[in-house]
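What's in start_38.pdb: PDB, C-alpha atoms and all ligand atoms
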ATOM      1  CA  MET A   1      36.465  -5.765  29.051  1.00  0.00           C
ATOM      2  CA  ALA A   2      34.612  -8.886  28.004  1.00  0.00           C
ATOM      3  CA  CYS A   3      31.943  -8.099  30.561  1.00  0.00           C
ATOM      4  CA  SER A   4      31.281  -4.565  29.384  1.00  0.00           C
ATOM      5  CA  ALA A   5      31.244  -5.696  25.755  1.00  0.00           C
ATOM      6  CA  ARG A   6      28.640  -8.269  26.667  1.00  0.00           C
ATOM      7  CA  PHE A   7      26.642  -5.671  28.564  1.00  0.00           C
ATOM      8  CA  LEU A   8      26.757  -3.330  25.587  1.00  0.00           C
ATOM      9  CA  PHE A   9      25.646  -6.132  23.291  1.00  0.00           C
ATOM     10  CA  LEU A  10      22.724  -7.016  25.576  1.00  0.00           C
ATOM     11  CA  THR A  11      21.696  -3.375  25.909  1.00  0.00           C
ATOM     12  CA  THR A  12      21.752  -2.994  22.131  1.00  0.00           C
ATOM     13  CA  SER A  13      19.762  -6.186  21.772  1.00  0.00           C
ATOM     14  CA  MET A  14      17.132  -4.924  24.193  1.00  0.00           C
ATOM     15  CA  VAL A  15      16.765  -1.745  22.131  1.00  0.00           C
ATOM     16  CA  MET A  16      16.427  -3.894  19.013  1.00  0.00           C
ATOM     17  CA  LEU A  17      13.824  -6.069  20.751  1.00  0.00           C
ATOM     18  CA  PHE A  18      11.897  -2.978  21.775  1.00  0.00           C
ATOM     19  CA  SER A  19      11.793  -1.510  18.286  1.00  0.00           C
ATOM     20  CA  ALA A  20      11.057  -4.882  16.665  1.00  0.00           C
ATOM     21  CA  ALA A  21       8.160  -5.408  19.052  1.00  0.00           C
ATOM     22  CA  THR A  22       6.637  -1.986  18.455  1.00  0.00           C
ATOM     23  CA  ALA A  23       7.079  -1.668  14.664  1.00  0.00           C
ATOM     24  CA  VAL A  24       3.807  -2.042  12.783  1.00  0.00           C
ATOM     25  CA  ASP A  25       3.258  -3.089   9.183  1.00  0.00           C
ATOM     26  CA  HIS A  26       0.291  -1.083   7.928  1.00  0.00           C
ATOM     27  CA  ILE A  27      -1.462  -2.794   5.023  1.00  0.00           C
ATOM     28  CA  VAL A  28      -2.651   0.220   3.040  1.00  0.00           C
ATOM     29  CA  GLY A  29      -6.425   0.047   2.639  1.00  0.00           C
ATOM     30  CA  GLY A  30      -6.713  -2.971   4.947  1.00  0.00           C
ATOM     31  CA  ASP A  31      -8.648  -5.765   3.254  1.00  0.00           C
ATOM     32  CA  GLN A  32      -9.102  -3.564   0.157  1.00  0.00           C
ATOM     33  CA  GLY A  33      -5.389  -3.256  -0.373  1.00  0.00           C
ATOM     34  CA  TRP A  34      -4.189  -0.606  -2.813  1.00  0.00           C
ATOM     35  CA  THR A  35      -6.722  -1.580  -5.452  1.00  0.00           C
ATOM     36  CA  ASN A  36      -9.825   0.567  -5.263  1.00  0.00           C
ATOM     37  CA  PRO A  37     -10.055   4.180  -6.521  1.00  0.00           C
ATOM     38  CA  GLU A  38     -13.504   4.424  -4.892  1.00  0.00           C
ATOM     39  CA  PHE A  39     -12.168   3.473  -1.446  1.00  0.00           C
ATOM     40  CA  ASN A  40     -11.551   6.378   0.917  1.00  0.00           C
ATOM     41  CA  TYR A  41      -7.880   5.951   1.838  1.00  0.00           C
ATOM     42  CA  THR A  42      -7.965   9.153   3.875  1.00  0.00           C
ATOM     43  CA  GLU A  43     -10.554   7.548   6.100  1.00  0.00           C
ATOM     44  CA  TRP A  44      -8.346   4.440   6.340  1.00  0.00           C
ATOM     45  CA  THR A  45      -5.528   6.538   7.856  1.00  0.00           C
ATOM     46  CA  GLN A  46      -7.674   8.214  10.466  1.00  0.00           C
ATOM     47  CA  ASP A  47      -7.666   5.625  13.261  1.00  0.00           C
ATOM     48  CA  LYS A  48      -3.980   4.776  12.809  1.00  0.00           C
ATOM     49  CA  VAL A  49      -0.743   5.890  14.381  1.00  0.00           C
ATOM     50  CA  PHE A  50       2.293   5.885  12.097  1.00  0.00           C
ATOM     51  CA  GLN A  51       5.730   5.871  13.697  1.00  0.00           C
ATOM     52  CA  VAL A  52       9.306   5.797  12.490  1.00  0.00           C
ATOM     53  CA  GLY A  53      10.182   2.108  12.126  1.00  0.00           C
ATOM     54  CA  ASP A  54       6.728   1.166  10.831  1.00  0.00           C
ATOM     55  CA  ASN A  55       6.163   0.026   7.248  1.00  0.00           C
ATOM     56  CA  LEU A  56       3.461   0.737   4.690  1.00  0.00           C
ATOM     57  CA  LEU A  57       2.544  -2.336   2.631  1.00  0.00           C
ATOM     58  CA  PHE A  58       1.021  -1.544  -0.744  1.00  0.00           C
ATOM     59  CA  LYS A  59      -0.704  -4.598  -2.213  1.00  0.00           C
ATOM     60  CA  TYR A  60      -1.860  -4.181  -5.811  1.00  0.00           C
ATOM     61  CA  ASP A  61      -1.802  -5.408  -9.379  1.00  0.00           C
ATOM     62  CA  ASN A  62       0.950  -3.391 -11.069  1.00  0.00           C
ATOM     63  CA  THR A  63      -0.859  -3.458 -14.423  1.00  0.00           C
ATOM     64  CA  LYS A  64      -3.639  -1.385 -12.791  1.00  0.00           C
ATOM     65  CA  HIS A  65      -1.962   0.734 -10.122  1.00  0.00           C
ATOM     66  CA  ASN A  66       1.298   2.197  -8.898  1.00  0.00           C
ATOM     67  CA  VAL A  67       2.474   4.260  -5.943  1.00  0.00           C
ATOM     68  CA  PHE A  68       3.985   7.734  -6.039  1.00  0.00           C
ATOM     69  CA  LYS A  69       5.497   9.529  -3.081  1.00  0.00           C
ATOM     70  CA  LEU A  70       4.576  13.180  -3.599  1.00  0.00           C
ATOM     71  CA  ASN A  71       4.970  16.517  -1.881  1.00  0.00           C
ATOM     72  CA  SER A  72       1.922  18.457  -0.705  1.00  0.00           C
ATOM     73  CA  THR A  73       1.622  20.574  -3.878  1.00  0.00           C
ATOM     74  CA  LEU A  74       1.719  17.609  -6.232  1.00  0.00           C
ATOM     75  CA  PHE A  75      -0.576  15.641  -3.928  1.00  0.00           C
ATOM     76  CA  ASN A  76      -3.248  18.355  -3.870  1.00  0.00           C
ATOM     77  CA  SER A  77      -3.257  18.703  -7.659  1.00  0.00           C
ATOM     78  CA  CYS A  78      -2.663  14.990  -8.396  1.00  0.00           C
ATOM     79  CA  SER A  79       0.387  15.817 -10.526  1.00  0.00           C
ATOM     80  CA  PHE A  80       3.081  13.278 -11.325  1.00  0.00           C
ATOM     81  CA  PRO A  81       5.988  15.036 -13.040  1.00  0.00           C
ATOM     82  CA  ALA A  82       8.785  12.912 -14.505  1.00  0.00           C
ATOM     83  CA  GLY A  83      11.375  12.126 -11.896  1.00  0.00           C
ATOM     84  CA  THR A  84       8.889  11.821  -9.040  1.00  0.00           C
ATOM     85  CA  GLU A  85       9.730   8.905  -6.786  1.00  0.00           C
ATOM     86  CA  SER A  86       7.486   5.961  -7.655  1.00  0.00           C
ATOM     87  CA  LEU A  87       7.014   2.276  -6.968  1.00  0.00           C
ATOM     88  CA  ALA A  88       5.597  -0.286  -9.355  1.00  0.00           C
ATOM     89  CA  GLY A  89       5.988  -3.626  -7.652  1.00  0.00           C
ATOM     90  CA  GLU A  90       2.995  -5.543  -6.387  1.00  0.00           C
ATOM     91  CA  ASN A  91       3.751  -5.943  -2.713  1.00  0.00           C
ATOM     92  CA  ASP A  92       5.745  -2.802  -2.150  1.00  0.00           C
ATOM     93  CA  VAL A  93       7.032  -2.073   1.310  1.00  0.00           C
ATOM     94  CA  VAL A  94       7.702   1.536   2.232  1.00  0.00           C
ATOM     95  CA  HIS A  95       9.903   1.897   5.308  1.00  0.00           C
ATOM     96  CA  LEU A  96       8.956   4.946   7.351  1.00  0.00           C
ATOM     97  CA  THR A  97      12.421   6.109   8.348  1.00  0.00           C
ATOM     98  CA  THR A  98      11.850   9.806   9.076  1.00  0.00           C
ATOM     99  CA  PRO A  99       9.161  11.674  11.008  1.00  0.00           C
ATOM    100  CA  GLY A 100       6.883  14.209   9.329  1.00  0.00           C
ATOM    101  CA  ARG A 101       4.112  14.496   6.796  1.00  0.00           C
ATOM    102  CA  LYS A 102       4.185  12.025   3.825  1.00  0.00           C
ATOM    103  CA  TRP A 103       1.942  11.950   0.748  1.00  0.00           C
ATOM    104  CA  TYR A 104       1.168   8.944  -1.468  1.00  0.00           C
ATOM    105  CA  ALA A 105      -1.038   8.528  -4.542  1.00  0.00           C
ATOM    106  CA  CYS A 106      -1.750   6.254  -7.469  1.00  0.00           C
ATOM    107  CA  GLY A 107      -0.559   7.805 -10.733  1.00  0.00           C
ATOM    108  CA  ILE A 108      -2.656   5.704 -13.118  1.00  0.00           C
ATOM    109  CA  ASN A 109      -5.501   7.356 -15.074  1.00  0.00           C
ATOM    110  CA  ASP A 110      -7.680   9.513 -12.793  1.00  0.00           C
ATOM    111  CA  HIS A 111      -7.280   7.289  -9.715  1.00  0.00           C
ATOM    112  CA  CYS A 112      -5.706  10.062  -7.651  1.00  0.00           C
ATOM    113  CA  LEU A 113      -8.473  12.533  -8.481  1.00  0.00           C
ATOM    114  CA  ARG A 114     -11.042   9.908  -7.568  1.00  0.00           C
ATOM    115  CA  GLY A 115      -9.502   9.562  -4.115  1.00  0.00           C
ATOM    116  CA  MET A 116      -6.763   6.947  -4.420  1.00  0.00           C
ATOM    117  CA  LYS A 117      -4.375   8.999  -2.323  1.00  0.00           C
ATOM    118  CA  PHE A 118      -3.634   9.679   1.311  1.00  0.00           C
ATOM    119  CA  ALA A 119      -1.381  11.684   3.575  1.00  0.00           C
ATOM    120  CA  ILE A 120       0.039  10.555   6.905  1.00  0.00           C
ATOM    121  CA  THR A 121       2.039  12.099   9.690  1.00  0.00           C
ATOM    122  CA  VAL A 122       4.861   9.865  10.858  1.00  0.00           C
ATOM    123  CA  LEU A 123       5.714  10.308  14.532  1.00  0.00           C
ATOM    124  CA  ALA A 124       9.230   9.987  15.890  1.00  0.00           C
ATOM    125  CA  ASN A 125       9.649   6.674  17.671  1.00  0.00           C
ATOM    126  CA  GLY A 126      11.382   6.536  21.013  1.00  0.00           C
ATOM    127  CA  PRO A 127      11.044   6.024  24.752  1.00  0.00           C
ATOM    128  CA  SER A 128       9.367   9.436  25.124  1.00  0.00           C
ATOM    129  CA  SER A 129       6.668   8.853  22.504  1.00  0.00           C
ATOM    130  CA  ALA A 130       3.153   8.232  23.725  1.00  0.00           C
ATOM    131  CA  PRO A 131       1.965   4.622  23.792  1.00  0.00           C
ATOM    132  CA  ALA A 132      -0.036   3.609  20.732  1.00  0.00           C
ATOM    133  CA  PRO A 133      -3.799   3.432  21.233  1.00  0.00           C
ATOM    134  CA  PRO A 134      -5.470   0.001  21.138  1.00  0.00           C
ATOM    135  CA  PRO A 135      -4.946  -1.343  17.616  1.00  0.00           C
ATOM    136  CA  PRO A 136      -7.993  -1.283  15.340  1.00  0.00           C
ATOM    137  CA  SER A 137      -9.049  -4.584  13.813  1.00  0.00           C
ATOM    138  CA  SER A 138      -7.106  -4.042  10.584  1.00  0.00           C
ATOM    139  CA  HIS A 139      -3.896  -4.090  12.638  1.00  0.00           C
ATOM    140  CA  ALA A 140      -4.498  -7.569  13.983  1.00  0.00           C
ATOM    141  CA  LEU A 141      -3.646  -9.169  10.668  1.00  0.00           C
ATOM    142  CA  SER A 142      -0.337  -7.413  10.292  1.00  0.00           C
ATOM    143  CA  SER A 143       0.976  -7.400  13.863  1.00  0.00           C
ATOM    144  CA  SER A 144       2.163 -11.013  13.749  1.00  0.00           C
ATOM    145  CA  THR A 145       4.800 -10.096  11.173  1.00  0.00           C
ATOM    146  CA  SER A 146       6.685  -8.218  13.916  1.00  0.00           C
ATOM    147  CA  TYR A 147       7.613 -11.493  15.566  1.00  0.00           C
ATOM    148  CA  GLY A 148      10.119 -12.446  12.846  1.00  0.00           C
ATOM    149  CA  PRO A 149      12.718  -9.832  13.818  1.00  0.00           C
ATOM    150  CA  LEU A 150      11.841 -10.356  17.472  1.00  0.00           C
ATOM    151  CA  MET A 151      12.653 -14.073  17.279  1.00  0.00           C
ATOM    152  CA  ALA A 152      15.844 -13.375  15.336  1.00  0.00           C
ATOM    153  CA  ALA A 153      17.003 -10.888  17.963  1.00  0.00           C
ATOM    154  CA  MET A 154      16.164 -13.306  20.807  1.00  0.00           C
ATOM    155  CA  LEU A 155      18.089 -16.095  19.100  1.00  0.00           C
ATOM    156  CA  ALA A 156      21.048 -13.762  18.612  1.00  0.00           C
ATOM    157  CA  VAL A 157      21.033 -12.945  22.335  1.00  0.00           C
ATOM    158  CA  ALA A 158      20.742 -16.611  23.272  1.00  0.00           C
ATOM    159  CA  ALA A 159      23.562 -17.569  20.893  1.00  0.00           C
ATOM    160  CA  PHE A 160      25.781 -14.927  22.477  1.00  0.00           C
ATOM    161  CA  ILE A 161      25.066 -15.969  26.069  1.00  0.00           C
ATOM    162  CA  PHE A 162      25.583 -19.671  25.442  1.00  0.00           C
ATOM    163  CA  ALA A 163      28.561 -19.298  23.100  1.00  0.00           C
TER
HETATM  164  C1  LIG A 201     -12.929  10.666   2.688  1.00  0.00           C
HETATM  165  O1  LIG A 201     -13.089  10.773   4.084  1.00  0.00           O
HETATM  166  C2  LIG A 201     -12.673  12.006   4.621  1.00  0.00           C
HETATM  167  C3  LIG A 201     -12.729  11.901   6.132  1.00  0.00           C
HETATM  168  O2  LIG A 201     -13.919  11.302   6.559  1.00  0.00           O
HETATM  169  C4  LIG A 201     -13.542  13.124   4.074  1.00  0.00           C
HETATM  170  O3  LIG A 201     -13.143  14.362   4.590  1.00  0.00           O
HETATM  171  C5  LIG A 201     -13.423  13.128   2.546  1.00  0.00           C
HETATM  172  O4  LIG A 201     -14.288  14.079   1.994  1.00  0.00           O
HETATM  173  C6  LIG A 201     -13.731  11.761   1.973  1.00  0.00           C
HETATM  174  N1  LIG A 201     -13.382  11.774   0.561  1.00  0.00           N
HETATM  175  C7  LIG A 201     -14.244  11.377  -0.380  1.00  0.00           C
HETATM  176  C8  LIG A 201     -13.739  11.410  -1.791  1.00  0.00           C
HETATM  177  O5  LIG A 201     -15.379  10.980  -0.114  1.00  0.00           O
HETATM  178  C1  LIG A 202       6.792  19.842  -5.027  1.00  0.00           C
HETATM  179  O1  LIG A 202       7.538  19.350  -6.125  1.00  0.00           O
HETATM  180  C2  LIG A 202       7.377  20.159  -7.298  1.00  0.00           C
HETATM  181  C3  LIG A 202       8.097  19.454  -8.436  1.00  0.00           C
HETATM  182  O2  LIG A 202       9.353  18.974  -8.031  1.00  0.00           O
HETATM  183  C4  LIG A 202       7.920  21.570  -7.011  1.00  0.00           C
HETATM  184  O3  LIG A 202       7.769  22.360  -8.147  1.00  0.00           O
HETATM  185  C5  LIG A 202       7.165  22.164  -5.825  1.00  0.00           C
HETATM  186  O4  LIG A 202       7.707  23.412  -5.496  1.00  0.00           O
HETATM  187  C6  LIG A 202       7.242  21.238  -4.650  1.00  0.00           C
HETATM  188  N1  LIG A 202       6.390  21.749  -3.579  1.00  0.00           N
HETATM  189  C7  LIG A 202       6.766  21.740  -2.283  1.00  0.00           C
HETATM  190  C8  LIG A 202       5.761  22.236  -1.298  1.00  0.00           C
HETATM  191  O5  LIG A 202       7.873  21.339  -1.929  1.00  0.00           O
END

Structure rendered as structure tokens:
Amino acid sequence: MACSARFLFLTTSMVMLFSAATAVDHIVGGDQGWTNPEFNYTEWTQDKVFQVGDNLLFKYDNTKHNVFKLNSTLFNSCSFPAGTESLAGENDVVHLTTPGRKWYACGINDHCLRGMKFAITVLANGPSSAPAPPPPSSHALSSSTSYGPLMAAMLAVAAFIFA
């Protein structure tokens, strides 16, 4: 019994290690952050692969910008009806937990109309998903953050084995 429990724990840990190692934190807009209505955020998305388990990091001054999660209709018309899901932190992290198309925009002034919006398609993560292409330079900055959970999971495994 003890043996199979340990095996199960190790198997689970390996799965955790795998997902921790492959999750990417995407800093929206790269060096620009979520700050510039003149920046083409659509272009920013184009060389990136978004997968379930990844995060979007919105970095901005919340006196100047915010983040709305919209549907396609609202996104196309830059409409922000009351009750629409929004964020107004400064270093907001959006966890991509489900696959599919997602739409985000800034709801301040005419920022959305000027181009401060983007849509992404989140791919299901799993053993069958295609390997990510070589990361573009803007990924290099963020990839190191994946090592936190990785280290934690490794320590947990080590603690279990040596306990
Ligand atoms: C942003 O870039 C995309 C893709 O290159 C392009 O289709 C779109 O027209 C650009 N938007 C603006 C506002 O320039
Ligand atoms: C988007 O949301 C608005 C407001 O809630 C709604 O009226 C509209 O039908 C929705 N569009 C889609 C494509 O779901």

Margin query: Around ligand LIG 201 (chain A), out to 8 Å and counting only C-alpha atoms and all ligand atoms, which residues are there? I want them as a PyMOL selection string.
Written below: chain A and resi 38+40-43+46+114-115

Enumerate residues in contact with ligand LIG 202 (chain A): an atom-to-atom distance of at most 9 Å, counting all atoms listed in the file. Format the result as a PDB file with C-alpha atoms, in the frame of the given file.
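Saved file out.pdb follows:
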ATOM      1  CA  LEU A  70       4.576  13.180  -3.599  1.00  0.00           C
ATOM      2  CA  ASN A  71       4.970  16.517  -1.881  1.00  0.00           C
ATOM      3  CA  SER A  72       1.922  18.457  -0.705  1.00  0.00           C
ATOM      4  CA  THR A  73       1.622  20.574  -3.878  1.00  0.00           C
ATOM      5  CA  LEU A  74       1.719  17.609  -6.232  1.00  0.00           C
ATOM      6  CA  PHE A  75      -0.576  15.641  -3.928  1.00  0.00           C
ATOM      7  CA  SER A  79       0.387  15.817 -10.526  1.00  0.00           C
ATOM      8  CA  PHE A  80       3.081  13.278 -11.325  1.00  0.00           C
ATOM      9  CA  PRO A  81       5.988  15.036 -13.040  1.00  0.00           C
ATOM     10  CA  ALA A  82       8.785  12.912 -14.505  1.00  0.00           C
ATOM     11  CA  GLY A  83      11.375  12.126 -11.896  1.00  0.00           C
ATOM     12  CA  THR A  84       8.889  11.821  -9.040  1.00  0.00           C
TER      13      THR A  84
END

Check: With all atoms listed in the file as the atoms that count, which of A:Cys112, A:Cys106, A:Ile120, A:Leu96 lies nearest to Val52 of chain A?
Finding: A:Leu96

For Gly30 of chain A, please output as a CSV table (one decimal) with C-alpha atoms, keeping the file's coordinate frame all residues within 8 Å (counting only C-alpha atoms; exclusion window: fewer than 3 positions along the same chain).
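New file result.csv:
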chain,number,residue,atom,x,y,z
A,26,HIS,CA,0.3,-1.1,7.9
A,27,ILE,CA,-1.5,-2.8,5.0
A,33,GLY,CA,-5.4,-3.3,-0.4
A,44,TRP,CA,-8.3,4.4,6.3
A,138,SER,CA,-7.1,-4.0,10.6

Item checked: Neighbour list for Asp92 of chain A as an MDAnalysis selection string, cut-off 10 Å, all atoms listed in the file, skip fewer than 2 positions in-chain -> chainID A and resid 55:60 66:67 87:90 94:95

Notebook entry, point to check: From the set A:Asn91, A:Thr22, A:Asn36, A:Asn62, which residue has the shortest atom-to-atom contact distance to Asp110 of chain A, counting all atoms listed in the file?
Noted result: A:Asn36

Checklist line | d(atom CA of Val93 of chain A, atom CA of Asn125 of chain A) in Å | finding: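 Computing it gives 18.7 Å between the two atoms.
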
Return as lines of an AutoDock Vina configuration file the box centre and box size in Å, one decimal, for an axis-aligned box around all listed atoms of segment 48-60 of chain A padded by 6 Å per side.
center_x = 3.1
center_y = 0.6
center_z = 4.3
size_x = 26.2
size_y = 22.5
size_z = 32.2

Notebook entry, point to check: Which neighbours of Lys69 of chain A fall inside 8 Å, counting all atoms listed in the file, when residues of the same chain fewer than 6 positions from it are skipped, and could you give them as a ChimeraX atom specification?
Noted result: /A:84-86,102-105
